[in-house]
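Shown next: coords00.cif, containing mmCIF, C-alpha atoms.
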data_run
#
loop_
_atom_site.group_PDB
_atom_site.id
_atom_site.type_symbol
_atom_site.label_atom_id
_atom_site.label_comp_id
_atom_site.auth_asym_id
_atom_site.auth_seq_id
_atom_site.Cartn_x
_atom_site.Cartn_y
_atom_site.Cartn_z
ATOM 1 C CA MET A 1 141.972 135.155 202.993
ATOM 2 C CA SER A 2 139.556 132.226 203.125
ATOM 3 C CA TYR A 3 136.959 134.324 201.302
ATOM 4 C CA ASN A 4 139.395 135.093 198.484
ATOM 5 C CA ALA A 5 140.326 131.429 198.190
ATOM 6 C CA ASN A 6 136.683 130.398 197.989
ATOM 7 C CA GLU A 7 136.005 133.140 195.439
ATOM 8 C CA ALA A 8 138.921 131.938 193.291
ATOM 9 C CA GLN A 9 137.711 128.350 193.563
ATOM 10 C CA ILE A 10 134.185 129.342 192.458
ATOM 11 C CA SER A 11 135.607 131.375 189.570
ATOM 12 C CA ALA A 12 137.723 128.427 188.452
ATOM 13 C CA SER A 13 134.732 126.111 188.745
ATOM 14 C CA GLN A 14 132.597 128.440 186.625
ATOM 15 C CA LYS A 15 135.375 128.620 184.016
ATOM 16 C CA ASP A 16 135.611 124.830 183.875
ATOM 17 C CA GLU A 17 131.843 124.570 183.517
ATOM 18 C CA LYS A 18 131.892 127.122 180.696
ATOM 19 C CA ASN A 19 134.639 125.235 178.863
ATOM 20 C CA ALA A 20 132.784 121.946 179.299
ATOM 21 C CA LEU A 21 129.647 123.507 177.809
ATOM 22 C CA HIS A 22 131.664 124.678 174.789
ATOM 23 C CA TRP A 23 133.098 121.219 174.193
ATOM 24 C CA GLY A 24 129.658 119.743 174.631
ATOM 25 C CA ALA A 25 128.464 121.947 171.760
ATOM 26 C CA PHE A 26 131.396 120.748 169.651
ATOM 27 C CA TRP A 27 130.491 117.097 170.237
ATOM 28 C CA ASP A 28 126.880 117.881 169.313
ATOM 29 C CA VAL A 29 128.001 119.271 165.954
ATOM 30 C CA LEU A 30 130.434 116.423 165.360
ATOM 31 C CA LEU A 31 127.700 113.865 166.002
ATOM 32 C CA ILE A 32 125.375 115.468 163.447
ATOM 33 C CA VAL A 33 128.158 115.742 160.860
ATOM 34 C CA VAL A 34 129.067 112.085 161.353
ATOM 35 C CA VAL A 35 125.436 110.984 161.031
ATOM 36 C CA LEU A 36 124.906 113.073 157.882
ATOM 37 C CA VAL A 37 128.052 111.745 156.223
ATOM 38 C CA ALA A 38 127.855 108.136 157.394
ATOM 39 C CA VAL A 39 124.195 107.557 156.497
ATOM 40 C CA LYS A 40 124.552 109.185 153.075
ATOM 41 C CA GLN A 41 127.789 107.418 152.174
ATOM 42 C CA SER A 42 126.463 104.041 153.288
ATOM 43 C CA LEU A 43 123.351 104.429 151.105
ATOM 44 C CA LEU A 44 124.931 105.968 147.986
ATOM 45 C CA PRO A 45 125.901 102.570 146.488
ATOM 46 C CA PHE A 46 122.215 101.623 146.601
ATOM 47 C CA THR A 47 120.352 104.887 145.914
ATOM 48 C CA ILE A 48 121.688 108.257 144.802
ATOM 49 C CA LYS A 49 118.204 109.790 145.005
ATOM 50 C CA PHE A 50 117.374 109.008 148.593
ATOM 51 C CA ALA A 51 120.770 108.836 150.306
ATOM 52 C CA GLY A 52 120.690 112.572 151.078
ATOM 53 C CA PRO A 53 117.121 112.701 152.386
ATOM 54 C CA ALA A 54 117.685 109.588 154.501
ATOM 55 C CA SER A 55 120.716 111.221 156.110
ATOM 56 C CA THR A 56 118.839 114.433 156.981
ATOM 57 C CA PHE A 57 115.882 112.502 158.416
ATOM 58 C CA SER A 58 118.342 110.519 160.572
ATOM 59 C CA ALA A 59 120.274 113.611 161.627
ATOM 60 C CA MET A 60 117.050 115.348 162.656
ATOM 61 C CA LEU A 61 116.383 112.605 165.188
ATOM 62 C CA PHE A 62 119.851 112.960 166.702
ATOM 63 C CA ALA A 63 119.740 116.778 166.642
ATOM 64 C CA THR A 64 116.389 116.797 168.445
ATOM 65 C CA TRP A 65 117.807 114.409 171.038
ATOM 66 C CA ARG A 66 120.870 116.602 171.607
ATOM 67 C CA LEU A 67 118.760 119.747 171.976
ATOM 68 C CA ARG A 68 116.573 118.068 174.561
ATOM 69 C CA ALA A 69 119.679 116.859 176.386
ATOM 70 C CA ARG A 70 120.774 120.508 176.573
ATOM 71 C CA GLY A 71 117.373 121.622 177.845
ATOM 72 C CA MET A 72 116.515 123.258 174.521
ATOM 73 C CA THR A 73 113.902 122.878 171.801
ATOM 74 C CA TRP A 74 113.801 123.880 168.134
ATOM 75 C CA SER A 75 111.853 126.991 169.124
ATOM 76 C CA ASP A 76 115.023 128.237 170.821
ATOM 77 C CA LEU A 77 116.675 128.175 167.399
ATOM 78 C CA GLY A 78 113.911 129.987 165.530
ATOM 79 C CA VAL A 79 111.031 127.559 164.928
ATOM 80 C CA ARG A 80 108.234 129.821 166.083
ATOM 81 C CA ARG A 81 104.896 130.954 164.730
ATOM 82 C CA PRO A 82 105.408 134.217 162.813
ATOM 83 C CA GLU A 83 104.065 137.296 164.571
ATOM 84 C CA SER A 84 102.840 138.548 161.183
ATOM 85 C CA THR A 85 102.077 136.145 158.322
ATOM 86 C CA PRO A 86 102.218 138.869 155.610
ATOM 87 C CA LYS A 87 105.585 140.034 156.909
ATOM 88 C CA ALA A 88 106.876 136.450 157.017
ATOM 89 C CA LEU A 89 105.785 135.960 153.388
ATOM 90 C CA LEU A 90 107.571 139.163 152.369
ATOM 91 C CA TRP A 91 110.754 137.959 154.015
ATOM 92 C CA ALA A 92 110.283 134.594 152.309
ATOM 93 C CA VAL A 93 110.263 136.422 148.967
ATOM 94 C CA PHE A 94 113.434 138.187 150.081
ATOM 95 C CA VAL A 95 115.057 134.827 150.873
ATOM 96 C CA LEU A 96 113.966 133.502 147.481
ATOM 97 C CA GLY A 97 115.556 136.521 145.797
ATOM 98 C CA LEU A 98 118.674 136.111 147.928
ATOM 99 C CA ILE A 99 119.055 132.512 146.777
ATOM 100 C CA LEU A 100 118.518 133.477 143.123
ATOM 101 C CA LEU A 101 121.011 136.352 143.337
ATOM 102 C CA THR A 102 123.636 134.270 145.116
ATOM 103 C CA SER A 103 123.128 131.357 142.729
ATOM 104 C CA GLY A 104 123.571 133.621 139.715
ATOM 105 C CA LEU A 105 126.694 135.371 140.994
ATOM 106 C CA ALA A 106 128.293 132.243 142.449
ATOM 107 C CA GLY A 107 127.371 130.265 139.335
ATOM 108 C CA ALA A 108 129.122 132.779 137.083
ATOM 109 C CA LEU A 109 132.190 132.620 139.319
ATOM 110 C CA ALA A 110 132.166 128.817 139.533
ATOM 111 C CA ASP A 111 131.879 128.497 135.735
ATOM 112 C CA LEU A 112 135.254 130.249 135.441
ATOM 113 C CA PHE A 113 136.937 127.418 137.311
ATOM 114 C CA PHE A 114 134.801 124.278 137.024
ATOM 115 C CA GLU A 115 132.596 122.615 134.442
ATOM 116 C CA LYS A 116 128.971 122.239 135.429
ATOM 117 C CA GLN A 117 128.177 118.608 136.159
ATOM 118 C CA PRO A 118 124.804 117.413 134.801
ATOM 119 C CA LYS A 119 122.516 116.008 137.513
ATOM 120 C CA THR A 120 120.790 113.605 135.148
ATOM 121 C CA ASN A 121 121.919 110.597 137.195
ATOM 122 C CA ARG A 122 119.725 111.817 140.013
ATOM 123 C CA PHE A 123 116.878 113.731 138.372
ATOM 124 C CA GLY A 124 116.788 112.418 134.823
ATOM 125 C CA ASP A 125 113.442 110.687 135.285
ATOM 126 C CA ILE A 126 111.538 113.810 136.268
ATOM 127 C CA THR A 127 110.545 115.201 132.826
ATOM 128 C CA GLY A 128 106.871 114.399 132.308
ATOM 129 C CA ASN A 129 106.927 112.046 135.297
ATOM 130 C CA TRP A 130 104.201 113.487 137.520
ATOM 131 C CA PRO A 131 104.231 110.736 140.181
ATOM 132 C CA ALA A 132 107.976 111.319 140.640
ATOM 133 C CA TYR A 133 107.375 115.074 140.682
ATOM 134 C CA PHE A 134 104.883 114.886 143.560
ATOM 135 C CA MET A 135 107.163 112.490 145.399
ATOM 136 C CA TYR A 136 109.995 114.995 145.073
ATOM 137 C CA LEU A 137 107.709 117.788 146.284
ATOM 138 C CA GLY A 138 107.257 115.856 149.493
ATOM 139 C CA LEU A 139 111.026 115.659 149.908
ATOM 140 C CA ILE A 140 111.468 119.324 148.956
ATOM 141 C CA TRP A 141 109.213 120.519 151.758
ATOM 142 C CA THR A 142 110.707 118.201 154.393
ATOM 143 C CA HIS A 143 114.283 117.165 153.628
ATOM 144 C CA ALA A 144 115.292 120.368 151.798
ATOM 145 C CA ALA A 145 113.147 123.310 152.902
ATOM 146 C CA ILE A 146 112.802 122.419 156.575
ATOM 147 C CA PHE A 147 115.431 119.872 157.592
ATOM 148 C CA GLU A 148 118.354 121.490 155.743
ATOM 149 C CA GLU A 149 117.553 124.869 157.284
ATOM 150 C CA LEU A 150 117.205 123.337 160.727
ATOM 151 C CA LEU A 151 120.421 121.333 160.478
ATOM 152 C CA PHE A 152 122.806 123.455 158.399
ATOM 153 C CA ARG A 153 121.674 126.840 159.608
ATOM 154 C CA ALA A 154 119.939 126.585 162.978
ATOM 155 C CA PHE A 155 121.649 123.631 164.650
ATOM 156 C CA ILE A 156 125.196 123.653 163.274
ATOM 157 C CA ILE A 157 125.631 127.445 163.337
ATOM 158 C CA ASN A 158 124.179 127.814 166.835
ATOM 159 C CA ARG A 159 126.157 124.992 168.372
ATOM 160 C CA LEU A 160 129.388 126.146 166.709
ATOM 161 C CA MET A 161 128.785 129.666 168.032
ATOM 162 C CA VAL A 162 128.468 128.227 171.532
ATOM 163 C CA PHE A 163 131.611 126.150 171.019
ATOM 164 C CA PHE A 164 133.648 129.147 169.828
ATOM 165 C CA GLY A 165 132.366 131.297 172.680
ATOM 166 C CA GLY A 166 130.277 133.900 170.887
ATOM 167 C CA GLY A 167 131.230 137.227 169.378
ATOM 168 C CA LEU A 168 131.781 138.378 165.810
ATOM 169 C CA TRP A 169 134.648 136.054 164.978
ATOM 170 C CA ALA A 170 132.800 133.051 166.410
ATOM 171 C CA THR A 171 129.693 133.906 164.388
ATOM 172 C CA SER A 172 131.736 134.384 161.209
ATOM 173 C CA ALA A 173 133.620 131.123 161.649
ATOM 174 C CA SER A 174 130.398 129.240 162.407
ATOM 175 C CA VAL A 175 128.610 130.577 159.321
ATOM 176 C CA ILE A 176 131.586 129.824 157.055
ATOM 177 C CA LEU A 177 132.109 126.288 158.365
ATOM 178 C CA ALA A 178 128.403 125.503 158.017
ATOM 179 C CA ALA A 179 128.454 126.865 154.447
ATOM 180 C CA VAL A 180 131.472 124.760 153.479
ATOM 181 C CA PHE A 181 129.803 121.632 154.814
ATOM 182 C CA PHE A 182 126.576 122.535 153.020
ATOM 183 C CA GLY A 183 128.528 122.846 149.770
ATOM 184 C CA TYR A 184 130.268 119.525 150.382
ATOM 185 C CA ARG A 185 126.881 117.878 150.855
ATOM 186 C CA HIS A 186 126.027 118.650 147.225
ATOM 187 C CA TYR A 187 129.364 117.658 145.697
ATOM 188 C CA TYR A 188 128.411 114.021 145.121
ATOM 189 C CA TYR A 189 125.944 114.868 142.352
ATOM 190 C CA GLN A 190 126.810 118.472 141.433
ATOM 191 C CA GLY A 191 130.603 118.267 141.355
ATOM 192 C CA ALA A 192 133.031 121.072 142.200
ATOM 193 C CA ASN A 193 130.873 123.647 140.408
ATOM 194 C CA GLY A 194 127.850 122.768 142.530
ATOM 195 C CA PHE A 195 130.019 122.601 145.654
ATOM 196 C CA MET A 196 131.012 126.216 145.108
ATOM 197 C CA VAL A 197 127.533 127.481 144.197
ATOM 198 C CA THR A 198 125.711 125.738 147.049
ATOM 199 C CA GLY A 199 128.490 126.734 149.430
ATOM 200 C CA PHE A 200 127.888 130.403 148.627
ATOM 201 C CA ILE A 201 124.128 129.870 148.926
ATOM 202 C CA GLY A 202 124.739 128.330 152.333
ATOM 203 C CA LEU A 203 126.882 131.340 153.225
ATOM 204 C CA SER A 204 124.174 133.846 152.262
ATOM 205 C CA LEU A 205 121.489 131.852 154.078
ATOM 206 C CA GLY A 206 123.744 131.552 157.108
ATOM 207 C CA ILE A 207 124.293 135.313 157.213
ATOM 208 C CA TYR A 208 120.552 135.868 156.891
ATOM 209 C CA TYR A 209 119.949 133.373 159.687
ATOM 210 C CA VAL A 210 122.227 135.059 162.215
ATOM 211 C CA ARG A 211 120.785 138.461 161.280
ATOM 212 C CA ARG A 212 117.070 137.582 161.204
ATOM 213 C CA GLY A 213 116.402 133.844 161.024
ATOM 214 C CA LYS A 214 117.128 133.183 164.676
ATOM 215 C CA ASN A 215 113.958 135.107 165.454
ATOM 216 C CA ASN A 216 111.846 133.086 163.025
ATOM 217 C CA LEU A 217 112.875 130.412 160.528
ATOM 218 C CA TRP A 218 109.674 130.318 158.495
ATOM 219 C CA PRO A 219 110.867 132.759 155.811
ATOM 220 C CA GLN A 220 113.860 130.484 155.213
ATOM 221 C CA PHE A 221 111.675 127.377 155.119
ATOM 222 C CA LEU A 222 109.374 129.016 152.575
ATOM 223 C CA GLY A 223 112.068 130.659 150.464
ATOM 224 C CA HIS A 224 114.073 127.431 150.256
ATOM 225 C CA GLY A 225 110.960 125.427 149.433
ATOM 226 C CA PHE A 226 109.794 127.900 146.789
ATOM 227 C CA ILE A 227 113.093 127.880 144.866
ATOM 228 C CA ASN A 228 113.277 124.086 144.802
ATOM 229 C CA THR A 229 109.614 123.785 143.829
ATOM 230 C CA ILE A 230 110.167 126.165 140.925
ATOM 231 C CA GLY A 231 113.170 124.145 139.789
ATOM 232 C CA PHE A 232 111.365 120.809 139.854
ATOM 233 C CA THR A 233 108.280 122.263 138.191
ATOM 234 C CA MET A 234 110.502 123.431 135.334
ATOM 235 C CA ARG A 235 112.020 119.956 135.087
ATOM 236 C CA VAL A 236 108.717 118.092 134.990
ATOM 237 C CA LEU A 237 107.480 120.465 132.280
ATOM 238 C CA GLY A 238 110.653 119.915 130.289
ATOM 239 C CA ILE A 239 111.629 123.584 130.480
ATOM 240 C CA ASP A 240 114.867 122.777 132.227
ATOM 241 C CA ASP A 241 115.995 119.161 132.249
ATOM 242 C CA SER A 242 119.732 119.739 132.010
ATOM 243 C CA ASP A 243 120.397 120.967 135.545
#
Show me this structure written as structure tokens.
Amino acid sequence: MSYNANEAQISASQKDEKNALHWGAFWDVLLIVVVLVAVKQSLLPFTIKFAGPASTFSAMLFATWRLRARGMTWSDLGVRRPESTPKALLWAVFVLGLILLTSGLAGALADLFFEKQPKTNRFGDITGNWPAYFMYLGLIWTHAAIFEELLFRAFIINRLMVFFGGGLWATSASVILAAVFFGYRHYYYQGANGFMVTGFIGLSLGIYYVRRGKNNLWPQFLGHGFINTIGFTMRVLGIDDSD
């Protein structure tokens, strides 16, 4: 009788600990969301160009802190040296194609409902402006290619999956919520059309992450960086200065 009582007490204790861990993951995500939103919104009245990057740089500091507090590192979420560089590059090309395909399909769908909002307020100075171009390249390969993948895919999806308890529904909900927030992050200069397009891009990248990216994030870093580099190269050359 005493044994059964002790066993029940241990089981209840383990259940409480499991629930506490789930809520801890929720608070981790909430903290990062608050930092991303608060820093960006506080800086937007002063700089539309650097409010986003400043928020991701800030969030990276807090996310790293929370991972360490949980006894984890970024390598646990997929930041590892690729086992095969050629294979990683091939998957990076796949990610690039995935982004292009999703952007095209989601863009066609979004155009049926929303007008495309010109981003000239943020990038209008890039045509022929090589110093600005190289400055943006620095942001592309930190703020966008690496930090966005770490925050919106690796950190938020993983911590939400822990919060929801794992399983297919938890993974699906985590990927969708991360994608919606990723779309929202682009609304301030891309409007509803951009919200929808980037949301679907976030969804496709999130699905890729839970299928393959958790093993190694470098293809996503490279694919994301390549697509943005191509876009800004087109802008500085004047090939595409309307987007």
field: Residue nearest A:Val29 among A:Ile156, A:Leu150, A:Ile48, A:Leu222 (counting only C-alpha atoms)
entry: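 The shortest atom-to-atom distance to A:Val29 comes from A:Ile156.
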- request: Run through the PyMOL selection byres ((chain A and resi 59) around 9) on the given coordinates and return the selected residues as an NGL selection string.
  value: :A and (31-36 or 39 or 54-58 or 60-64 or 147 or 151)
task: Please indicate the distance in Å from atom CA of A:Leu100 to atom CA of A:Ile201, rounded to one decimal place.
output: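 Separation between atom CA of A:Leu100 and atom CA of A:Ile201: 8.8 Å.
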Which residues, named as in the file, does the PyMOL selection byres ((chain A and resi 234-239) around 8) pick out? Answer as an mmCIF file with C-alpha atoms, in the frame of the given file.
data_model
loop_
_atom_site.group_PDB
_atom_site.id
_atom_site.type_symbol
_atom_site.label_atom_id
_atom_site.label_comp_id
_atom_site.auth_asym_id
_atom_site.auth_seq_id
_atom_site.Cartn_x
_atom_site.Cartn_y
_atom_site.Cartn_z
ATOM 1 C CA ILE A 126 111.538 113.810 136.268
ATOM 2 C CA THR A 127 110.545 115.201 132.826
ATOM 3 C CA GLY A 128 106.871 114.399 132.308
ATOM 4 C CA ASN A 129 106.927 112.046 135.297
ATOM 5 C CA TRP A 130 104.201 113.487 137.520
ATOM 6 C CA TYR A 133 107.375 115.074 140.682
ATOM 7 C CA ILE A 230 110.167 126.165 140.925
ATOM 8 C CA GLY A 231 113.170 124.145 139.789
ATOM 9 C CA PHE A 232 111.365 120.809 139.854
ATOM 10 C CA THR A 233 108.280 122.263 138.191
ATOM 11 C CA ASP A 240 114.867 122.777 132.227
ATOM 12 C CA ASP A 241 115.995 119.161 132.249
#
- request: Report as a list in words the full result of the PyMOL selection byres ((chain A and resi 144) around 10) when it is applied to this structure.
  value: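 Residues picked by the PyMOL selection byres ((chain A and resi 144) around 10): Gly52, Pro53, Thr56, Leu137, Gly138, Leu139, Ile140, Trp141, Thr142, His143, Ala145, Ile146, Phe147, Glu148, Glu149, Leu150, Phe221, His224, Gly225 and Asn228 of chain A.
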message: Using only C-alpha atoms for the distances, tell me which of A:Lys87, A:Lys214, A:Lys116, A:Arg66 is nearest to A:Arg153.
response: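 Comparing A:Lys87, A:Lys214, A:Lys116, A:Arg66 against A:Arg153, the winner is A:Lys214.
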- prompt: Could you pull the residues within 9 Å of A:Trp218, counting all atoms listed in the file, minus those fewer than 2 positions along the same chain, as a list in words?
  reply: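 Non-adjacent residues within range: Gly78, Val79, Arg80, Arg81, Pro82, Ala88, Leu89, Trp91, Ala92, Ile146, Gly213, Asn216, Gln220, Phe221, Leu222 and Gly223 of chain A.
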message: Could you tell me how far atom CA of A:Met196 sits from atom CA of A:Leu109, in Å to one decimal place?
response: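 For atom CA of A:Leu109 relative to atom CA of A:Met196, the distance reads 8.7 Å.
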field: Pairwise distance for atom CA of A:Gly206 and atom CA of A:Asp28, rounded to one decimal in Å
entry: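 Rounded to one decimal, the two atoms are 18.6 Å apart.
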Top pick for closest residue to A:Gly194, considering A:Val180, A:Ile157, A:Leu96, A:Val162 and counting all atoms listed in the file: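 Closest candidate: A:Val180.
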query: Which residues come within 10 Å of A:Gly183, counting all atoms listed in the file, excluding same-chain residues fewer than 2 positions away, as a list in words?
result: Leu177, Ala178, Ala179, Val180, Phe181, Arg185, His186, Tyr187, Tyr188, Gln190, Gly191, Ala192, Asn193, Gly194, Phe195, Met196, Val197, Thr198, Gly199, Phe200, Ile201, Gly202 and Leu203 of chain A
task: Have a look at A:Phe50, A:Phe113, A:Phe163, A:Tyr208 and name the one nearest to A:Met135; count only C-alpha atoms.
output: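 Comparing A:Phe50, A:Phe113, A:Phe163, A:Tyr208 against A:Met135, the winner is A:Phe50.
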field: Nearest to A:Ser75 by atom-to-atom distance, counting all atoms listed in the file, from A:Ser204, A:Thr47, A:Asn215, A:Ser103
entry: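 Smallest distance to A:Ser75 is found for A:Asn215.
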statement: The residue from A:Tyr209, A:Phe134, A:Thr171, A:Phe164 with the smallest atom-to-atom distance to A:Thr229, counting all atoms listed in the file, is A:Phe134
